Each structure stands twice: as structure tokens, then as C-alpha cells.
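Structure below is structure-v6.pdb: PDB, C-alpha atoms.
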ATOM      1  CA  MET A   1     143.863  -5.671  38.856  1.00  0.00           C
ATOM      2  CA  ASN A   2     144.019  -4.618  35.214  1.00  0.00           C
ATOM      3  CA  LEU A   3     144.200  -7.877  33.246  1.00  0.00           C
ATOM      4  CA  VAL A   4     145.393  -6.139  30.080  1.00  0.00           C
ATOM      5  CA  ARG A   5     148.637  -5.192  31.851  1.00  0.00           C
ATOM      6  CA  CYS A   6     149.317  -8.873  32.643  1.00  0.00           C
ATOM      7  CA  PHE A   7     150.102  -9.557  28.980  1.00  0.00           C
ATOM      8  CA  ALA A   8     152.718  -8.086  26.621  1.00  0.00           C
ATOM      9  CA  LEU A   9     150.486  -8.434  23.541  1.00  0.00           C
ATOM     10  CA  VAL A  10     146.701  -8.155  23.488  1.00  0.00           C
ATOM     11  CA  LEU A  11     144.545  -8.145  20.353  1.00  0.00           C
ATOM     12  CA  LEU A  12     140.742  -8.247  20.463  1.00  0.00           C
ATOM     13  CA  ARG A  13     138.562  -9.051  17.443  1.00  0.00           C
ATOM     14  CA  GLU A  14     134.772  -9.180  17.165  1.00  0.00           C
ATOM     15  CA  PHE A  15     132.757 -10.048  14.084  1.00  0.00           C
ATOM     16  CA  PRO A  16     128.960 -10.495  13.867  1.00  0.00           C
ATOM     17  CA  GLY A  17     129.185 -12.494  10.611  1.00  0.00           C
ATOM     18  CA  TYR A  18     129.650 -16.257  10.285  1.00  0.00           C
ATOM     19  CA  GLY A  19     127.410 -16.824  13.300  1.00  0.00           C
ATOM     20  CA  GLY A  20     129.114 -14.244  15.522  1.00  0.00           C
ATOM     21  CA  GLN A  21     132.730 -14.502  16.599  1.00  0.00           C
ATOM     22  CA  GLN A  22     134.955 -12.996  19.223  1.00  0.00           C
ATOM     23  CA  SER A  23     138.638 -13.697  19.757  1.00  0.00           C
ATOM     24  CA  LEU A  24     141.364 -12.452  22.045  1.00  0.00           C
ATOM     25  CA  ARG A  25     145.079 -12.928  21.550  1.00  0.00           C
ATOM     26  CA  ALA A  26     147.164 -12.456  24.678  1.00  0.00           C
ATOM     27  CA  ASP A  27     150.827 -13.342  24.315  1.00  0.00           C
ATOM     28  CA  ASP A  28     150.929 -16.992  23.153  1.00  0.00           C
ATOM     29  CA  TRP A  29     147.276 -17.640  24.029  1.00  0.00           C
ATOM     30  CA  LYS A  30     144.211 -17.162  21.835  1.00  0.00           C
ATOM     31  CA  LEU A  31     140.657 -17.566  23.092  1.00  0.00           C
ATOM     32  CA  VAL A  32     138.000 -17.934  20.382  1.00  0.00           C
ATOM     33  CA  ARG A  33     134.251 -17.717  20.973  1.00  0.00           C
ATOM     34  CA  GLN A  34     131.917 -18.693  18.118  1.00  0.00           C
ATOM     35  CA  HIS A  35     128.193 -19.095  17.404  1.00  0.00           C
ATOM     36  CA  LEU A  36     127.335 -15.899  19.287  1.00  0.00           C
ATOM     37  CA  HIS A  37     124.960 -14.485  16.657  1.00  0.00           C
ATOM     38  CA  PRO A  38     123.009 -17.213  14.826  1.00  0.00           C
ATOM     39  CA  VAL A  39     121.698 -16.368  11.358  1.00  0.00           C
ATOM     40  CA  ASN A  40     118.279 -17.773  12.295  1.00  0.00           C
ATOM     41  CA  LYS A  41     116.651 -15.039  14.406  1.00  0.00           C
ATOM     42  CA  ASN A  42     114.581 -17.661  16.285  1.00  0.00           C
ATOM     43  CA  ALA A  43     117.635 -19.651  17.380  1.00  0.00           C
ATOM     44  CA  SER A  44     119.195 -18.818  20.713  1.00  0.00           C
ATOM     45  CA  PRO A  45     122.926 -18.030  20.707  1.00  0.00           C
ATOM     46  CA  GLN A  46     124.842 -21.130  21.779  1.00  0.00           C
ATOM     47  CA  GLY A  47     128.398 -19.894  22.148  1.00  0.00           C
ATOM     48  CA  SER A  48     131.304 -22.294  21.949  1.00  0.00           C
ATOM     49  CA  ARG A  49     134.789 -21.539  23.166  1.00  0.00           C
ATOM     50  CA  GLY A  50     138.285 -22.761  22.352  1.00  0.00           C
ATOM     51  CA  LEU A  51     141.714 -21.911  23.783  1.00  0.00           C
ATOM     52  CA  TYR A  52     144.865 -22.307  21.705  1.00  0.00           C
ATOM     53  CA  ASN A  53     148.550 -22.007  22.561  1.00  0.00           C
ATOM     54  CA  LEU A  54     149.879 -20.356  19.402  1.00  0.00           C
ATOM     55  CA  ALA A  55     153.529 -20.963  20.315  1.00  0.00           C
ATOM     56  CA  ARG A  56     152.940 -24.722  20.290  1.00  0.00           C
ATOM     57  CA  ASP A  57     149.993 -24.881  17.883  1.00  0.00           C
ATOM     58  CA  PRO A  58     150.047 -22.002  15.371  1.00  0.00           C
ATOM     59  CA  GLY A  59     147.397 -23.726  13.239  1.00  0.00           C
ATOM     60  CA  GLU A  60     144.888 -23.709  16.131  1.00  0.00           C
ATOM     61  CA  THR A  61     144.200 -27.434  15.818  1.00  0.00           C
ATOM     62  CA  ARG A  62     144.210 -28.400  19.525  1.00  0.00           C
ATOM     63  CA  ASP A  63     141.737 -26.822  21.942  1.00  0.00           C
ATOM     64  CA  VAL A  64     143.444 -26.786  25.354  1.00  0.00           C
ATOM     65  CA  SER A  65     140.669 -25.015  27.281  1.00  0.00           C
ATOM     66  CA  MET A  66     140.029 -28.055  29.502  1.00  0.00           C
ATOM     67  CA  GLN A  67     143.700 -28.185  30.525  1.00  0.00           C
ATOM     68  CA  HIS A  68     143.897 -24.427  31.306  1.00  0.00           C
ATOM     69  CA  PRO A  69     140.622 -23.248  32.896  1.00  0.00           C
ATOM     70  CA  GLU A  70     142.412 -20.424  34.734  1.00  0.00           C
ATOM     71  CA  ILE A  71     143.638 -18.909  31.448  1.00  0.00           C
ATOM     72  CA  VAL A  72     140.171 -19.294  29.907  1.00  0.00           C
ATOM     73  CA  ALA A  73     138.677 -17.445  32.888  1.00  0.00           C
ATOM     74  CA  ARG A  74     141.196 -14.587  32.643  1.00  0.00           C
ATOM     75  CA  LEU A  75     140.769 -14.158  28.885  1.00  0.00           C
ATOM     76  CA  ASP A  76     136.995 -14.547  29.067  1.00  0.00           C
ATOM     77  CA  LYS A  77     136.892 -11.787  31.676  1.00  0.00           C
ATOM     78  CA  LEU A  78     138.973  -9.564  29.382  1.00  0.00           C
ATOM     79  CA  LEU A  79     136.597 -10.229  26.479  1.00  0.00           C
ATOM     80  CA  ARG A  80     133.611  -9.217  28.596  1.00  0.00           C
ATOM     81  CA  GLU A  81     135.339  -6.099  29.965  1.00  0.00           C
ATOM     82  CA  GLN A  82     136.561  -4.869  26.583  1.00  0.00           C
ATOM     83  CA  HIS A  83     133.356  -5.484  24.584  1.00  0.00           C
ATOM     84  CA  THR A  84     131.384  -2.400  23.536  1.00  0.00           C
ATOM     85  CA  PRO A  85     127.800  -3.040  22.388  1.00  0.00           C
ATOM     86  CA  SER A  86     127.055  -1.905  18.835  1.00  0.00           C
ATOM     87  CA  LYS A  87     123.667  -0.932  17.411  1.00  0.00           C
ATOM     88  CA  ASP A  88     125.052  -1.271  13.875  1.00  0.00           C
ATOM     89  CA  PHE A  89     126.765  -4.638  14.340  1.00  0.00           C
ATOM     90  CA  PRO A  90     125.147  -6.351  17.345  1.00  0.00           C
ATOM     91  CA  ILE A  91     126.201  -9.774  18.578  1.00  0.00           C
ATOM     92  CA  ARG A  92     123.116 -11.282  20.208  1.00  0.00           C
ATOM     93  CA  ALA A  93     124.898 -13.361  22.862  1.00  0.00           C
ATOM     94  CA  LEU A  94     126.766 -10.258  24.014  1.00  0.00           C
ATOM     95  CA  ASP A  95     124.291  -7.433  23.360  1.00  0.00           C
ATOM     96  CA  GLY A  96     120.888  -9.114  23.718  1.00  0.00           C
ATOM     97  CA  ASP A  97     118.194  -9.221  21.022  1.00  0.00           C
TER      98      ASP A  97
END

Could you write out this file's structure as C-alpha cells?
Amino acid sequence: MNLVRCFALVLLREFPGYGGQQSLRADDWKLVRQHLHPVNKNASPQGSRGLYNLARDPGETRDVSMQHPEIVARLDKLLREQHTPSKDFPIRALDGD
């Protein structure tokens, strides 16, 4: 099943700065992964994840990932499937060292 077709709106963003970030907006949901590329080269990437319902919480103040593990799993799978490794802008947790 193509997960992208399950949503009307999908927007993927990846950024190696600020400790490495990845986010996916799918309809009213937004999954954010942070701390994927630590500045300290000796530190291991310790990713954190948050899920936000933008219809109810446009300011992204309430992480609802514990209440919606099935949505986290679907969006996390999409993030993994849609990521393309970059030699110029690597994200260590996603691309390795």
C-alpha cells in the first residue's frame, strides 16, 4: 500500500542543522524527529520524536504520540521511505557516519 496516497496533503522536510531534524506533515498530523545529527561528532544520535495534531494544536505545544502510536508508525514509515541520503548534507541517524 502506498502510504502517501492515504493523505490529501503531504510535506516532508529534512534539515541537518540544529542537531538534525526531519518532519512530515500529513493532513492535520505533523511528526517531528529531532537530535538526529549531533554537533559533537563523538556523540551518538539520540533521536526524539513528537506527533502534533495541527487542527487542534497549531502551535505544536502538545505531543500526542503516546495517544496515537498507529499514526506515528505510519508517518515514521513514510519518513524512512521518502528519505534520500545526501553526501553534502548527511544526517547521521539516517545516513550513518

A:Lys87, A:Asn40, A:Ile71, A:Gly47 ranked by distance to A:Gln21, top pick (using only C-alpha atoms): A:Gly47

So, with all atoms listed in the file as the atoms that count, which of A:Pro69, A:Pro90, A:Gly17, A:Gly96 lies closest to A:Gln34? A:Gly17

Residue neighbourhood A:Pro85, 9 Å, all atoms listed in the file, exclusion window fewer than 6 positions, as a list in words: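 Final neighbour list, sorted by chain and number: Ile91, Leu94 and Asp95 of chain A.
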
Quick check on the file I pasted: which residues fall under the PyMOL selection byres ((chain A and resi 54) around 12)? Write them as a PDB file with C-alpha atoms, in the frame of the given file.
ATOM      1  CA  LEU A  24     141.364 -12.452  22.045  1.00  0.00           C
ATOM      2  CA  ARG A  25     145.079 -12.928  21.550  1.00  0.00           C
ATOM      3  CA  ALA A  26     147.164 -12.456  24.678  1.00  0.00           C
ATOM      4  CA  ASP A  27     150.827 -13.342  24.315  1.00  0.00           C
ATOM      5  CA  ASP A  28     150.929 -16.992  23.153  1.00  0.00           C
ATOM      6  CA  TRP A  29     147.276 -17.640  24.029  1.00  0.00           C
ATOM      7  CA  LYS A  30     144.211 -17.162  21.835  1.00  0.00           C
ATOM      8  CA  LEU A  31     140.657 -17.566  23.092  1.00  0.00           C
ATOM      9  CA  LEU A  51     141.714 -21.911  23.783  1.00  0.00           C
ATOM     10  CA  TYR A  52     144.865 -22.307  21.705  1.00  0.00           C
ATOM     11  CA  ASN A  53     148.550 -22.007  22.561  1.00  0.00           C
ATOM     12  CA  ALA A  55     153.529 -20.963  20.315  1.00  0.00           C
ATOM     13  CA  ARG A  56     152.940 -24.722  20.290  1.00  0.00           C
ATOM     14  CA  ASP A  57     149.993 -24.881  17.883  1.00  0.00           C
ATOM     15  CA  PRO A  58     150.047 -22.002  15.371  1.00  0.00           C
ATOM     16  CA  GLY A  59     147.397 -23.726  13.239  1.00  0.00           C
ATOM     17  CA  GLU A  60     144.888 -23.709  16.131  1.00  0.00           C
ATOM     18  CA  THR A  61     144.200 -27.434  15.818  1.00  0.00           C
ATOM     19  CA  ARG A  62     144.210 -28.400  19.525  1.00  0.00           C
ATOM     20  CA  ASP A  63     141.737 -26.822  21.942  1.00  0.00           C
ATOM     21  CA  VAL A  64     143.444 -26.786  25.354  1.00  0.00           C
TER      22      VAL A  64
END

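Atom pair atom CA of A:His37 / atom CA of A:Arg92: separated by 5.1 Å.
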
Could you please determine the separation between atom CA of A:Leu36 and atom CA of A:Met66 in Å, to one decimal place?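 For atom CA of A:Leu36 relative to atom CA of A:Met66, the distance reads 20.3 Å.
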
As JSON, please report the centre and edge lengths, rounded to one decimal in Å, of the axis-aligned box that holds all listed atoms of stretch 19-29 of chain A with 3 Å of padding on each of the six sides.
{"center_x": 139.2, "center_y": -15.0, "center_z": 19.0, "size_x": 29.5, "size_y": 11.2, "size_z": 17.4}

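Picture a line from atom CA of A:Ser65 to atom CA of A:Ser23; it runs 13.7 Å.
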
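If you measure from each of A:Arg49, A:Arg13, A:His68, A:His35 to A:His83 using all atoms listed in the file, the closest one turns out to be A:Arg13.
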
Looking at all atoms listed in the file, which of A:Arg33, A:Gly50, A:Arg80, A:Glu70 is the one that sits closest to A:Gly19?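 Smallest separation from A:Gly19 among the options: A:Arg33.
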
Which one of A:Ser48, A:Leu12, A:Val32, A:Pro38 sits closest to A:Gln82 if you count all atoms listed in the file? A:Leu12

Residue among A:Arg74, A:Leu79, A:Gln67, A:Thr84 lying closest to A:Gln22, counting all atoms listed in the file: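 Looking only at the distances to A:Gln22, the closest residue turns out to be A:Leu79.
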